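Novice: Here it is, the structure in full.
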Amino acid sequence: GQTWTNDTDFGVAETAGGFTLANRFFVLQNSIGYRMYRFSANAVLETTDVAISGIGAIGAFAAGANYGLIASVFNIHKISASGQVISSVSVAAFSNSETKVNRLSIAPDGTAIAVLDAGTVIYSKDGIDWVEATAVTGTTPVVGALVAKSATNWMAGTSTGKVYCTDDQGLTWNLVLDVSAVASSVSYDIVFVNDHVGYMSIKGIFYRTVDGGATWTQEPADPGRPFVALTAVKKIAVCPDNVNFLMLAGESAAPAA
């Protein structure tokens with residue numbers, strides 16, 4: 001991540017994001033599909049373009065241990081570790097006044113969960129066949145952060161500063177953190193480095209749990225001192241070689257004139 005090269009061969013499509021799956025890095029492109037990058041055994045950079053028929057703006061994506069998911073409107077495309085499109089399915093039948101798939105997450109065991117933009121929660125054992133679960137808190141909050149820890153244990157952070165957890169595959173949701181009194185408390189990301197330790201960003205505030213998400217504490221311990229100079233921490237990445245090393249991406253307020 002210290003040096004980057006510019007690649008313009010993929011046309012003028014807007015980049016929607018990216019993820020790492022197996023030994024490949026996928027760059028997702030709106031209205032096209034994705035480009036895969038990897039180094040061969042002799043350190044030569046290899047690229048492969050994969051177009052997805054009918055794909056438009058990419059609204060959500062996630063990568064697991066063995067496959068990835070890319071969502072465009074109500075279509076969820078399953079991608080193999082070798083970079084092939086395994087299936088493309090529509091989840092429009094679950095729509096409750098929603099317009100798209102808003103968030104995706106894949107648990108270590110391969111269980112996938114998705115939240116539509118008006119709160120409907122669905123899950124799948126294989127990323128192909130989907131079943132509806134109970135909406136977060138029984139209402140329709142906008143879910144900004146989502147993580148599947150296992151087949152039954154999921155967490156969701158809403159746009160109102162509340163974080164919920166389910167231990168029964170979405171049958172019931174329990175409130176584990178409420179900072180709704182803070183203005184614009186949007187939950188942006190939740191990641192776990194193991195069963196117990198996890199990190200979460202709400203607005204520009206960083207939280208840590210050491211008990212699997214049952215309780216959360218603000219980092220650092222002094223609430224009056226900001227953790228990072230960001231007004232919104234949008235993404236959290238954990239170094240695979242050292243789980244104590246994190247990288248944060250977000251937005252910073254414009255400097256004073």
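Ordering of the structure tokens sets the chain letters (A, B, ...); residue numbers start at 1 within each chain; ligands are numbered from 1 in the order shown.
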List every residue of region 57-81 of chain A that has an atom at most 12 Å from any atom of region 35-49 of chain A, and for each one report the closest atom pair and its distance in Å to one decimal, counting only C-alpha atoms, with rows sorted by chain and then by increasing residue number, as a Markdown table.
Specialist:
| residue | atom | partner | partner_atom | distance |
| --- | --- | --- | --- | --- |
| A:Ile79 | CA | A:Met36 | CA | 11.5 |
| A:Ser80 | CA | A:Met36 | CA | 11.9 |
| A:Ala81 | CA | A:Met36 | CA | 10.7 |
Novice: Using the selection just defined, write its residues with N, CA, C and O atoms as a compact mmCIF listing (two decimals), in the first residue's frame.
Specialist:
# COMPACT_ATOMS: atom_id res chain seq x y z
N ILE A 79 -19.36 -14.27 -6.71
CA ILE A 79 -18.09 -14.36 -7.43
C ILE A 79 -17.21 -15.42 -6.76
O ILE A 79 -17.06 -15.42 -5.54
N SER A 80 -16.63 -16.30 -7.54
CA SER A 80 -15.77 -17.34 -6.99
C SER A 80 -14.39 -16.78 -6.67
O SER A 80 -14.03 -15.68 -7.12
N ALA A 81 -13.61 -17.54 -5.93
CA ALA A 81 -12.25 -17.11 -5.58
C ALA A 81 -11.36 -17.02 -6.81
O ALA A 81 -10.36 -16.30 -6.81
Novice: Using Å and a single decimal, report how far CA of Tyr67 (chain A) sits from CA of Lys235 (chain A).
Specialist: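 Spanning CA of Lys235 (chain A) to CA of Tyr67 (chain A) is a straight-line distance of 20.6 Å.
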Novice: Report the residues of region 61-227 of chain A whose backbone DSSP state falls under strand (DSSP E), written as number ranges by chain.
Specialist: A: 61-63, 67-72, 75-80, 85-90, 101-106, 112-116, 121-124, 131-132, 143-148, 154-158, 162-166, 174-178, 187-192, 198-202, 205-209, 217-219
Novice: For Val186 (chain A), list every protein, DNA or RNA residue within 12 Å, evaluated using only C-alpha atoms, and leave out those in the same chain fewer than 2 positions away; present the list as a PyMOL selection string.
Specialist: chain A and resi 141-145+156-163+178-184+188-190+200-206+231-234
Novice: Find the residues around Gly64 (chain A) up to 12 Å (only C-alpha atoms counted), leave out those fewer than 2 positions away in its own chain, and share them as an NGL selection string.
Specialist: :A and (19-22 or 61-62 or 66-70 or 78-81 or 104-113 or 126-127 or 147-150)
Novice: Just want the 6 Å neighbourhood of Ile122 (chain A), counted on only C-alpha atoms, with same-chain residues fewer than 4 positions away dropped. Output as a PyMOL selection string.
Specialist: chain A and resi 113-114+131-133
Novice: Could those residues be written to a file, using N, CA, C and O atoms, as a PDB file, in the first residue's frame?
Specialist:
ATOM      1  N   ILE A 113     -25.309 -12.204   4.747  1.00  0.00           N
ATOM      2  CA  ILE A 113     -26.477 -11.419   5.129  1.00  0.00           C
ATOM      3  C   ILE A 113     -26.513 -10.154   4.284  1.00  0.00           C
ATOM      4  O   ILE A 113     -25.474  -9.641   3.853  1.00  0.00           O
ATOM      5  N   ALA A 114     -27.717  -9.676   4.053  1.00  0.00           N
ATOM      6  CA  ALA A 114     -27.911  -8.457   3.277  1.00  0.00           C
ATOM      7  C   ALA A 114     -29.028  -7.646   3.908  1.00  0.00           C
ATOM      8  O   ALA A 114     -29.964  -8.207   4.477  1.00  0.00           O
ATOM      9  N   VAL A 131     -33.245 -16.072   2.360  1.00  0.00           N
ATOM     10  CA  VAL A 131     -34.399 -16.207   3.242  1.00  0.00           C
ATOM     11  C   VAL A 131     -34.544 -14.905   4.021  1.00  0.00           C
ATOM     12  O   VAL A 131     -33.545 -14.301   4.419  1.00  0.00           O
ATOM     13  N   GLU A 132     -35.782 -14.471   4.276  1.00  0.00           N
ATOM     14  CA  GLU A 132     -35.996 -13.228   5.004  1.00  0.00           C
ATOM     15  C   GLU A 132     -35.905 -13.445   6.515  1.00  0.00           C
ATOM     16  O   GLU A 132     -36.445 -14.420   7.044  1.00  0.00           O
ATOM     17  N   ALA A 133     -35.229 -12.535   7.201  1.00  0.00           N
ATOM     18  CA  ALA A 133     -35.144 -12.530   8.660  1.00  0.00           C
ATOM     19  C   ALA A 133     -35.967 -11.357   9.180  1.00  0.00           C
ATOM     20  O   ALA A 133     -36.578 -10.612   8.410  1.00  0.00           O
TER      21      ALA A 133
END
Novice: Could you tell me how far CA of Phe245 (chain A) sits from CA of Gln29 (chain A), in Å to one decimal place?
Specialist: 28.7 Å
Novice: Pick from A:Ala51, A:Val136, A:Leu171, A:Ile76: nearest to Lys100 (chain A), with only C-alpha atoms counted?
Specialist: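 Among the listed residues, the smallest separation from Lys100 (chain A) belongs to A:Ile76.
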Novice: Step one, run DSSP on the backbone; step two, keep only residues of region 24-239 of chain A assigned to helix (DSSP H, G or I); then write them as a list of chain:residue names.
Specialist: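 DSSP-assigned helix (DSSP H, G or I) residues in region 24-239 of chain A: A:Ala92, A:Ala93, A:Phe94, A:Val136, A:Thr137, A:Gly138.
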Novice: Which residue out of A:Trp130, A:Phe25, A:Trp216, A:Phe192 has the minimum interatomic distance to Val238 (chain A) when only C-alpha atoms are used?
Specialist: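 Of A:Trp130, A:Phe25, A:Trp216, A:Phe192, the one nearest Val238 (chain A), counting only C-alpha atoms, is A:Phe192.
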Novice: Would you mind listing what lies within 9 Å of Ser95 (chain A) as a PyMOL selection string, with only C-alpha atoms counted and same-chain residues fewer than 6 positions away left out?
Specialist: chain A and resi 74+116+118+120
Novice: Okay, now the selection with all heavy atoms, as a CSV table (one decimal), in the first residue's frame?
Specialist:
chain,number,residue,atom,x,y,z
A,74,PHE,N,-31.4,-4.8,-7.0
A,74,PHE,CA,-31.8,-6.0,-6.3
A,74,PHE,C,-31.1,-7.2,-6.7
A,74,PHE,O,-31.4,-8.3,-6.2
A,74,PHE,CB,-33.3,-6.2,-6.4
A,74,PHE,CG,-34.2,-5.2,-5.7
A,74,PHE,CD1,-35.1,-4.4,-6.4
A,74,PHE,CD2,-34.0,-5.0,-4.3
A,74,PHE,CE1,-35.9,-3.5,-5.7
A,74,PHE,CE2,-34.8,-4.1,-3.6
A,74,PHE,CZ,-35.7,-3.3,-4.3
A,116,LEU,N,-31.6,-4.5,2.8
A,116,LEU,CA,-32.1,-3.6,1.8
A,116,LEU,C,-32.3,-2.2,2.4
A,116,LEU,O,-32.2,-2.0,3.6
A,116,LEU,CB,-33.5,-4.1,1.3
A,116,LEU,CG,-33.5,-5.5,0.8
A,116,LEU,CD1,-34.8,-5.9,0.1
A,116,LEU,CD2,-32.3,-5.9,-0.1
A,118,ALA,N,-34.5,0.0,3.1
A,118,ALA,CA,-35.5,0.4,4.0
A,118,ALA,C,-35.6,-0.6,5.2
A,118,ALA,O,-36.5,-0.5,6.0
A,118,ALA,CB,-36.9,0.4,3.3
A,120,THR,N,-35.3,-4.2,5.4
A,120,THR,CA,-35.5,-5.7,5.3
A,120,THR,C,-34.1,-6.4,5.3
A,120,THR,O,-33.2,-6.1,4.6
A,120,THR,CB,-36.2,-6.0,3.9
A,120,THR,OG1,-37.5,-5.4,3.9
A,120,THR,CG2,-36.4,-7.5,3.8
